[in-house]
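**Q** I have a structure here, written as structure tokens, and I will follow up with some questions on it.
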Amino acid sequence: MKNKRGVSEIIGYVLLIAIVVVISIFVYQWLKSYVPQSALTCPDGTAVSISNYKYNCAANANNLSFTLSNDGTFSIAGYFIHASNNSNQTIATIDLSNYYTGPGDNGGGSILLGAGNNLEPGQDEGIGRNTFNLSMTPAIKTGTLTELEVIPIRYVEYNGKQRVANCGNAKISISLSCN
């Protein structure tokens, strides 16, 4: 009689494990639909440049402004901007988007120039529009900025929806000096 009772407990555990495995397969398939199959990229021919900049590194008025030009064949929606305060550093790690004071939107680490891909090929975003107040930046208090990196972004259509694509292949870097 005791042997029969042990067999029914083992069957219960086997059924419990089987149910958990089946539910996990359904959850995995459902969550897999939320992850893009391939990375969203910009088309070749996306390019930007900084034609001129003003960087005032005085302690009381630390600000940066520049003209962003779309030199590519596709319009862009905005950009990611990072800086470095160490000339030996190869990657700019200071996110400047929180210090943006120009028109538009600093949407979570990026600067959006309006709704949609607004900056058409051949257009400039003037020097007064891309302005950053750096006087409250803790990372810059240890020194002045030496390098600036700008990575354009644009909206691309993915599964019928507009998604933001990082144009890492069009990244530009410039060396900064106080003026």
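FYI, nothing fancy with the structure tokens labels: chains A, B, ... in order, residues from 1 per chain, ligands from 1 as they appear.
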Tell me which protein, DNA and RNA residues are within 8 Å of Ser69 of chain A, counting only C-alpha atoms, leaving out same-chain ones fewer than 6 positions away, and put them as a count of residues only.

**A** 8

**Q** As a short mmCIF file (atom, residue, chain, number, x, y, z; two decimals) with C-alpha atoms, in the first residue's frame, please: all residues of chain A that backbone DSSP puts in alpha helix (DSSP H).

**A**
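Wrote selection06.cif, looks like this:
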data_model
loop_
_atom_site.label_atom_id
_atom_site.label_comp_id
_atom_site.auth_asym_id
_atom_site.auth_seq_id
_atom_site.Cartn_x
_atom_site.Cartn_y
_atom_site.Cartn_z
CA LYS A 2 2.86 2.42 0.74
CA ASN A 3 4.43 1.73 -2.67
CA LYS A 4 1.29 2.90 -4.49
CA ARG A 5 1.28 6.17 -2.59
CA GLY A 6 4.89 6.96 -3.63
CA VAL A 7 4.12 6.38 -7.30
CA SER A 8 1.26 8.91 -7.24
CA GLU A 9 3.57 11.60 -5.74
CA ILE A 10 6.14 11.02 -8.50
CA ILE A 11 3.42 11.33 -11.14
CA GLY A 12 2.34 14.61 -9.54
CA TYR A 13 5.89 16.00 -9.73
CA VAL A 14 6.28 14.88 -13.34
CA LEU A 15 2.99 16.57 -14.28
CA LEU A 16 4.00 19.75 -12.45
CA ILE A 17 7.33 19.91 -14.28
CA ALA A 18 5.64 19.20 -17.63
CA ILE A 19 3.13 22.03 -17.08
CA VAL A 20 5.93 24.48 -16.17
CA VAL A 21 7.89 23.54 -19.30
CA VAL A 22 4.84 24.01 -21.55
CA ILE A 23 4.04 27.42 -20.00
CA SER A 24 7.67 28.53 -20.36
CA ILE A 25 7.62 27.61 -24.07
CA PHE A 26 4.51 29.76 -24.61
CA VAL A 27 6.02 32.71 -22.68
CA TYR A 28 9.28 32.42 -24.65
CA GLN A 29 7.46 32.48 -27.99
CA TRP A 30 5.40 35.47 -26.87
CA LEU A 31 8.42 37.46 -25.65
CA LYS A 32 10.42 36.60 -28.76
#

**Q** Mind giving me the straight-line distance from atom CA of Gly116 of chain A to atom CA of Ser75 of chain A in Å, one decimal?

**A** 9.2 Å

**Q** Just want the 8 Å neighbourhood of Val156 of chain A, counted on only C-alpha atoms, with same-chain residues fewer than 3 positions away dropped. Output as a list in words.

**A**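 Here the qualifying residues turn out to be Leu40, Cys42, Gln162, Arg163, Val164 and Ala165 of chain A.
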
**Q** Give me, please, the distance in Å between atom CA of Asn179 of chain A and atom CA of Leu64 of chain A, quoted to one decimal.

**A**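 For atom CA of Asn179 of chain A relative to atom CA of Leu64 of chain A, the distance reads 10.2 Å.
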
**Q** At what distance in Å, to one decimal, does atom CA of Glu157 of chain A lie from atom CA of Thr131 of chain A?

**A**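 Calculated distance between atom CA of Thr131 of chain A and atom CA of Glu157 of chain A is 29.7 Å.
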
**Q** For each of A:Pro121, A:Glu147, A:Asp95, A:Pro152, take the minimum atom-to-atom distance to Gly108 of chain A, counting only C-alpha atoms, then give the residue where this is smallest.

**A**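 Among the listed residues, A:Asp95 lies closest to Gly108 of chain A.
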
**Q** Of the candidates A:Ile76, A:Ala83, A:Met136, A:Leu112, which shows the shortest atom-to-atom distance to Leu148 of chain A, using only C-alpha atoms?

**A**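 Closest residue, counting only C-alpha atoms: A:Ala83.
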
**Q** Please provide the set of residues having any atom within 12 Å of Asn159 of chain A, restricted to only C-alpha atoms, with same-chain residues fewer than 6 positions apart removed, written as a ChimeraX atom specification.

**A** /A:33-38,40

**Q** Would you list the contacts of Ile172 of chain A as a PyMOL selection string, taking every protein, DNA or RNA residue within 7 Å and counting only C-alpha atoms, but skipping same-chain residues closer than 2 positions in sequence?

**A** chain A and resi 49+149-151+170+174
